[in-house]
Amino acid sequence: MEIREIRALRGPNYWSAKRHKLIVMVLDLQEMEQRPTNKIDGFLERLEAMFPTMYEHRCSVGTAGGFFERVKEGTWMGHVIEHIALELQTLAGMDVGYGRTRGYGEEGVYNVVFTYIEAEVGKYTARASVRIAEALIDGKDYDLEEDIQEMREIRERVRLGPSTGSIIAEAESRGIPWIRLNKYSLCQLGYGVNQKKVQATVASTTSNIGVEIAGDKEDTKFLLEQAEVPVPKGEIVRSEEGLKDAVDYIGYPVVVKPISGNHGRGITTDVRNLDDALEAFQAAKKVSRSVIIERFIVGDDYRLLVINYKLVAAAKRTPAHVVGDGKSTVQELIDQVNLDPKRGYGHEKVLTMIEVNDLTLGILKEAGKTLDSVLDKEEVLILKDTANLSTGGTAVDVTDIVHPYNIFMAERIAKIVDLDICGIDIMTTDMSQPLPDTGGAVIEVNAGPGFRMHLDPAEGLPRNVAGHVIDMLYPPGATSRIPIVAVAGTNGKTTTTRLIAHIARMKGFKVGYTTTDGVYIQNRLLMTGDCTGPASAEFVLKDPTVDFAVLESARGGLLRAGLGFKNCDIGIVTNVAADHLGLKGIHTIEQLARVKGVIPQTVFPDGHAILNADDDLVYEMRNEIDCNLALFSLDETNPRIVKHMKAGGLSAVYENGYITICKGEWKMRVTKATQVPLTFEAKALFMIQNVLPAVLTGYLRGFSIEDIKVAIESFIPSPAQTPGRLNMFRFKEFNVLLDYAHNPAGLRALHQMIDKMDGSPKVGMIAGIGDRRSEDNHEIGMVAAEMFDEIIIRQDKNLRGKSDKEIIDMIHSGIKSVKEDMKVTIIPSEREAITYALTNAEKGSLLVLCSDVVPDALNLVMDFKEKEAQA
């Protein structure tokens, strides 16, 4: 078997508009296509032995054990690998359940699709599942535990930490979108101008000064002392001599800790002699140059969490420890504790497994014990010197018993340090009593405090502390979103996108939009190239100046990685025509329609899908949407439009020469099509078709008819406004029309327009495309032969897997099938082909240049125009 490709989808996609995290593995079964599972001796038995828990997989049978029944009856290996991938992730602590295996369109080749929690783990799982299947086929031994541990480790490396993860989960539950901004914990909540950022538990609202103060324990302690907050007596030291003076002044026991640091690094507690103090000093020096020596406060370790200057949770923390039973060794007791199902690797569960490291061995040595020592019954042995959960500690929720004085004190400390998300560490014998009465003290103030102990304490009530963060960032009435208009279709989507962006700009919005030419922010081109995929969409949604997004969404990015957004307010599909077939497993126009149909499926329930009523495949998409429907048509008598209007629906039509919006059967004429420059005096019907969904979008966003009229009448097709889309250049003796038409449907639409235009002879420059089907390139030649009196065949810059001769021959054969004697000139270079056309143009002729690299072609034509003006 051969893995051809593994893709991680992360948004609405061809396979599911609702399941956004999918691995798609293109798998060639090769000889296994002829060997279903019932023809492999012992395969079922080996599968059951390796994955007994797979009995729960119901598969299409619908009952427990259903998948094993399918294997017994005989199923193909792609299906088996799908189920192995799901079970393997579940065994690694990532419970997933959705999978599909479908033909790719070639014999023996399949799309194996399954859900993932973390993309990198999902990709590893895909490869491991094939290895496991091969071992099962061959009857070889296989160590599953090695894969499972590797998957756990990958997950810990790439996942968001539990604190950030809880904030993101809370945001998702409230419908707030988010984007991960780096491989660590920096995330953006919301889109455009309404975005906020979080990193771990530091928010974009958090004071930088507050973080600086909390990171400097000397400054923190000084400020708290000045405010009469109980803190331990202490000194800052930088040398061993200073250490000796400090312990003489403070007296034992002491705590030694670095002046800056987190997660308990470099901290040693309950130090009772100079030798231990010197050793602790060296450990702290590894973290920071300056070290704090403080009086060791007797009591329990408590963490108070303050968010938006209000106490929201409190926990009592206990360091990792074991309790003797009079017969088990320390190592055996640790192993028993680690068997607790609540404990896992890293942050995967409520508690972390206790790891024996040098610190643990040092603590044992100091206590006069080893890992082989047997503890007396009920004897407690502390294994770490801090109570952090990440080192195996436990936490008990005590929020409801915190004394009002201590609440007042914690909220006051957050204001003193100026931290809106603040963790305060306190040592006291009783949190239900005022801190001064117990002789306790504030040990530390933390910026970016961990939430894990509050979210899922070992005992007590879990607290939704992340909810308080979201309340602070997005208080009632605040919005996290900006309007998103998504545009899909085979032809016309770039022009429609640009026109909608223009309409919104005219209303004062700061628009970001994506096109096949690049990404524009406030009409400035910031990225060039085909920018219609998820990365380009995120580029717009991440921009903090944008308050309106128009996103052209093409099939390529959607198939490769899914959409870059989960929902939109308006989803438009212009049309569906045969293009890009035979790529990425999409072989039929119906499959292509399914790809483009993802866009209207992502529209919010109170939003609108705007569909082309003149296109059968687009019109059918209305059956899959969960939102309002608006239609557009070039024919007001279209029965679909008539029915929709009678039902009170919203539509846009071309009637009696007018661009018209219909609310039910009431007509609101926007303007005459001849007044819209984009339509070339109403000669370009396909451009009128592009205008209709644009005016509907403006109306749905609350723009007045007059504002829409002004906008579409001021949008002039030109190299600046619509590069490569009907750019007309009028030379002294001939005219040039430059367009991006690159498929049969696009050429046919262009044919309708140039038939109405003056100019003779009509000369066309066309090209085939290397990754299209032979019949598509042949059809381009046929359509061109019907359109033009003379044809120049050029070649695309990227041949995409075929030779230039192969592609040219396909085009040429199409031309000859229509006009055997058609004058055809073959010039592979686009630049040379354009130069030839312009220098050999006859008086009164119309040159139609279908370009591949639009910016270069425009520059070349404009250079010729400039030279003509200077002559």
# chains A, B, ... in the order shown; residues from 1 in each chain; ligands from 1

$ select_by_dssp --residues "region 21-57 of chain A" --states "alpha helix (DSSP H)" --output "list in words"
Phe43, Leu44, Glu45, Arg46, Leu47, Glu48, Ala49 and Met50 of chain A

$ residues_around --residues "Phe715 (chain A)" --least-positions-apart "2" --cutoff "10 Å" --atoms "only C-alpha atoms" --output "PyMOL selection string"
chain A and resi 498-499+502-503+676-678+710-713+717-718+721-722

$ write_last_selection --atoms "N, CA and C atoms" --output "PDB file, in the first residue's frame"
ATOM      1  N   ARG A 498     -14.887  41.888  -5.747  1.00  0.00           N
ATOM      2  CA  ARG A 498     -14.389  43.257  -5.832  1.00  0.00           C
ATOM      3  C   ARG A 498     -15.530  44.278  -5.800  1.00  0.00           C
ATOM      4  N   LEU A 499     -16.632  43.959  -6.465  1.00  0.00           N
ATOM      5  CA  LEU A 499     -17.759  44.898  -6.496  1.00  0.00           C
ATOM      6  C   LEU A 499     -18.383  45.035  -5.103  1.00  0.00           C
ATOM      7  N   HIS A 502     -16.232  47.171  -3.033  1.00  0.00           N
ATOM      8  CA  HIS A 502     -16.386  48.580  -3.434  1.00  0.00           C
ATOM      9  C   HIS A 502     -17.656  49.186  -2.820  1.00  0.00           C
ATOM     10  N   ILE A 503     -18.743  48.435  -2.869  1.00  0.00           N
ATOM     11  CA  ILE A 503     -20.008  48.926  -2.297  1.00  0.00           C
ATOM     12  C   ILE A 503     -19.834  49.195  -0.804  1.00  0.00           C
ATOM     13  N   VAL A 676     -24.245  50.936 -15.675  1.00  0.00           N
ATOM     14  CA  VAL A 676     -23.244  50.246 -14.854  1.00  0.00           C
ATOM     15  C   VAL A 676     -22.036  49.939 -15.727  1.00  0.00           C
ATOM     16  N   PRO A 677     -20.918  50.629 -15.537  1.00  0.00           N
ATOM     17  CA  PRO A 677     -19.762  50.449 -16.420  1.00  0.00           C
ATOM     18  C   PRO A 677     -19.315  48.998 -16.562  1.00  0.00           C
ATOM     19  N   LEU A 678     -19.490  48.230 -15.504  1.00  0.00           N
ATOM     20  CA  LEU A 678     -19.038  46.839 -15.501  1.00  0.00           C
ATOM     21  C   LEU A 678     -19.724  46.003 -16.586  1.00  0.00           C
ATOM     22  N   VAL A 710     -25.199  54.375  -6.556  1.00  0.00           N
ATOM     23  CA  VAL A 710     -23.991  55.201  -6.705  1.00  0.00           C
ATOM     24  C   VAL A 710     -22.749  54.316  -6.768  1.00  0.00           C
ATOM     25  N   ALA A 711     -22.734  53.276  -5.928  1.00  0.00           N
ATOM     26  CA  ALA A 711     -21.553  52.405  -5.861  1.00  0.00           C
ATOM     27  C   ALA A 711     -21.344  51.634  -7.153  1.00  0.00           C
ATOM     28  N   ILE A 712     -22.399  51.017  -7.679  1.00  0.00           N
ATOM     29  CA  ILE A 712     -22.193  50.180  -8.875  1.00  0.00           C
ATOM     30  C   ILE A 712     -21.990  51.026 -10.122  1.00  0.00           C
ATOM     31  N   GLU A 713     -22.499  52.265 -10.099  1.00  0.00           N
ATOM     32  CA  GLU A 713     -22.283  53.147 -11.250  1.00  0.00           C
ATOM     33  C   GLU A 713     -20.887  53.771 -11.234  1.00  0.00           C
ATOM     34  N   PRO A 717     -14.576  49.042 -14.732  1.00  0.00           N
ATOM     35  CA  PRO A 717     -13.615  47.975 -15.029  1.00  0.00           C
ATOM     36  C   PRO A 717     -12.328  48.571 -15.595  1.00  0.00           C
ATOM     37  N   SER A 718     -11.239  48.272 -14.949  1.00  0.00           N
ATOM     38  CA  SER A 718      -9.955  48.853 -15.335  1.00  0.00           C
ATOM     39  C   SER A 718      -8.844  48.009 -14.735  1.00  0.00           C
ATOM     40  N   GLN A 721      -9.110  48.591 -10.902  1.00  0.00           N
ATOM     41  CA  GLN A 721     -10.286  48.095 -10.180  1.00  0.00           C
ATOM     42  C   GLN A 721     -10.520  46.601 -10.388  1.00  0.00           C
ATOM     43  N   THR A 722     -10.372  46.152 -11.641  1.00  0.00           N
ATOM     44  CA  THR A 722     -10.658  44.745 -11.969  1.00  0.00           C
ATOM     45  C   THR A 722      -9.553  44.184 -12.858  1.00  0.00           C
TER      46      THR A 722
END

$ residues_around --residues "Lys384 (chain A)" --least-positions-apart "3" --cutoff "9 Å" --atoms "only C-alpha atoms" --output "list in words"
Pro319, Ala320, His321, Leu359, Thr360, Ile363, Ala387, Asn388, Thr391, Gly392 and Gly393 of chain A

$ write_last_selection --atoms "C-alpha atoms" --output "tab-separated table (two decimals), in the first residue's frame"
chain	number	residue	atom	x	y	z
A	319	PRO	CA	2.71	18.83	46.68
A	320	ALA	CA	3.08	15.41	45.10
A	321	HIS	CA	3.23	12.88	47.89
A	359	LEU	CA	14.72	16.76	42.85
A	360	THR	CA	12.67	13.82	44.12
A	363	ILE	CA	14.24	15.06	48.86
A	387	ALA	CA	2.60	22.21	45.05
A	388	ASN	CA	2.41	22.76	41.30
A	391	THR	CA	4.87	18.21	39.03
A	392	GLY	CA	2.18	15.86	40.30
A	393	GLY	CA	0.56	18.01	42.99

$ residues_around --residues "Arg295 (chain A)" --least-positions-apart "6" --cutoff "10 Å" --atoms "only C-alpha atoms" --output "list in words"
Val231, Pro232, Lys233, Gly234, Glu235, Val247, Tyr249, Ile250, Gly251, Tyr252, Pro253, Val254, Val255, Val256, Thr269, Asp270, Val271 and Ile443 of chain A

$ write_last_selection --atoms "C-alpha atoms" --output "PDB file, in the first residue's frame"
ATOM      1  CA  VAL A 231       4.298  39.255  53.395  1.00  0.00           C
ATOM      2  CA  PRO A 232       7.139  37.090  54.719  1.00  0.00           C
ATOM      3  CA  LYS A 233      10.200  38.790  56.118  1.00  0.00           C
ATOM      4  CA  GLY A 234      12.899  38.526  53.470  1.00  0.00           C
ATOM      5  CA  GLU A 235      15.976  39.774  51.670  1.00  0.00           C
ATOM      6  CA  VAL A 247      19.606  33.798  56.950  1.00  0.00           C
ATOM      7  CA  TYR A 249      18.820  38.181  59.894  1.00  0.00           C
ATOM      8  CA  ILE A 250      15.682  36.214  59.003  1.00  0.00           C
ATOM      9  CA  GLY A 251      16.314  32.981  60.926  1.00  0.00           C
ATOM     10  CA  TYR A 252      15.512  29.432  59.883  1.00  0.00           C
ATOM     11  CA  PRO A 253      13.435  27.904  58.334  1.00  0.00           C
ATOM     12  CA  VAL A 254      13.595  29.863  55.076  1.00  0.00           C
ATOM     13  CA  VAL A 255      12.409  29.646  51.465  1.00  0.00           C
ATOM     14  CA  VAL A 256      14.938  30.234  48.667  1.00  0.00           C
ATOM     15  CA  THR A 269      11.172  25.414  50.745  1.00  0.00           C
ATOM     16  CA  ASP A 270      11.682  24.701  54.446  1.00  0.00           C
ATOM     17  CA  VAL A 271      15.466  25.138  54.331  1.00  0.00           C
ATOM     18  CA  ILE A 443       4.001  34.502  49.214  1.00  0.00           C
TER      19      ILE A 443
END

$ atom_distance --atom1 "CA of Ala313 (chain A)" --atom2 "CA of Val402 (chain A)"
9.3 Å

$ select_by_dssp --residues "region 148-320 of chain A" --states "strand (DSSP E or B)" --output "JSON, numbers by chain"
{"A": [178, 179, 180, 186, 187, 188, 189, 196, 197, 198, 199, 202, 203, 234, 235, 236, 237, 254, 255, 256, 257, 258, 268, 269, 270, 271, 291, 292, 293, 294, 295, 300, 301, 302, 303, 304, 305, 306, 307, 310, 311, 312, 313, 314, 315, 316, 317, 318]}

$ atom_distance --atom1 "CA of Glu842 (chain A)" --atom2 "CA of Ile807 (chain A)"
28.1 Å

$ closest_residue --among "A:Ala561, A:Val550, A:Ala745, A:Val61" --to "Val576 (chain A)" --atoms "only C-alpha atoms"
A:Ala745

$ residues_around --residues "Ile610 (chain A)" --least-positions-apart "3" --cutoff "10 Å" --atoms "only C-alpha atoms" --output "MDAnalysis selection string"
chainID A and resid 487 570:574 600 607 613 618:619 622 628:632 650:652 692:694 696:697

$ write_last_selection --atoms "C-alpha atoms" --output "short mmCIF file (atom, residue, chain, number, x, y, z; two decimals), in the first residue's frame"
data_model
loop_
_atom_site.label_atom_id
_atom_site.label_comp_id
_atom_site.auth_asym_id
_atom_site.auth_seq_id
_atom_site.Cartn_x
_atom_site.Cartn_y
_atom_site.Cartn_z
CA VAL A 487 -18.14 34.19 -2.64
CA ILE A 570 -23.74 35.95 3.44
CA GLY A 571 -22.66 33.09 1.18
CA ILE A 572 -22.82 33.54 -2.60
CA VAL A 573 -22.47 30.94 -5.35
CA THR A 574 -22.27 32.48 -8.82
CA PRO A 600 -23.87 28.42 1.66
CA GLY A 607 -27.84 35.13 7.41
CA ALA A 613 -31.55 30.49 -9.88
CA VAL A 618 -26.47 26.03 -7.68
CA TYR A 619 -30.23 26.19 -7.21
CA ARG A 622 -30.93 25.51 -1.30
CA ASN A 628 -32.40 32.38 4.70
CA LEU A 629 -32.47 32.10 0.92
CA ALA A 630 -32.10 34.86 -1.67
CA LEU A 631 -31.99 34.20 -5.42
CA PHE A 632 -30.77 36.04 -8.49
CA LEU A 650 -35.83 38.26 -1.63
CA SER A 651 -34.31 38.24 -5.13
CA ALA A 652 -32.43 40.30 -7.68
CA LEU A 692 -27.02 40.95 -9.14
CA PRO A 693 -25.65 39.10 -6.05
CA ALA A 694 -23.53 42.16 -5.22
CA LEU A 696 -28.43 41.87 -3.02
CA THR A 697 -25.53 41.78 -0.56
#

$ closest_residue --among "A:Ile791, A:Leu371, A:Leu611, A:Leu304" --to "Val824 (chain A)" --atoms "only C-alpha atoms"
A:Ile791

$ residues_around --residues "Ala169 (chain A)" --least-positions-apart "2" --cutoff "12 Å" --atoms "only C-alpha atoms" --output "PyMOL selection string"
chain A and resi 160-167+171-178+189+455+464-467+469-470

$ atom_distance --atom1 "CA of Val396 (chain A)" --atom2 "CA of Gly460 (chain A)"
5.7 Å

$ closest_residue --among "A:Met687, A:Gly724, A:Pro483, A:Thr660" --to "Phe604 (chain A)" --atoms "only C-alpha atoms"
A:Pro483

$ residues_around --residues "Ala869 (chain A)" --least-positions-apart "4" --cutoff "12 Å" --atoms "only C-alpha atoms" --output "number ranges by chain"
A: 730-732, 862-865

$ write_last_selection --atoms "C-alpha atoms" --output "tab-separated table (two decimals), in the first residue's frame"
chain	number	residue	atom	x	y	z
A	730	ARG	CA	-8.51	51.57	-27.20
A	731	PHE	CA	-5.56	52.00	-29.53
A	732	LYS	CA	-5.70	54.39	-32.50
A	862	MET	CA	0.00	49.47	-21.15
A	863	ASP	CA	3.62	49.85	-22.29
A	864	PHE	CA	2.44	49.56	-25.92
A	865	LYS	CA	-0.33	52.08	-25.23

$ closest_residue --among "A:Val109, A:Leu27, A:Leu9, A:Ile424" --to "Ala214 (chain A)" --atoms "only C-alpha atoms"
A:Ile424

$ closest_atom_pairs --of "region 610-725 of chain A" --to "region 587-597 of chain A" --cutoff "9 Å" --atoms "only C-alpha atoms" --output "tab-separated table"
residue	atom	partner	partner_atom	distance
A:Leu617	CA	A:Ala593	CA	6.4
A:Val618	CA	A:Ala593	CA	7.1
A:Met621	CA	A:Gly597	CA	6.0
A:Glu624	CA	A:Gly597	CA	8.2
A:Ile625	CA	A:Gly597	CA	8.9

$ closest_residue --among "A:Met151, A:Ile521, A:Cys59, A:Val695" --to "Asp707 (chain A)" --atoms "only C-alpha atoms"
A:Val695
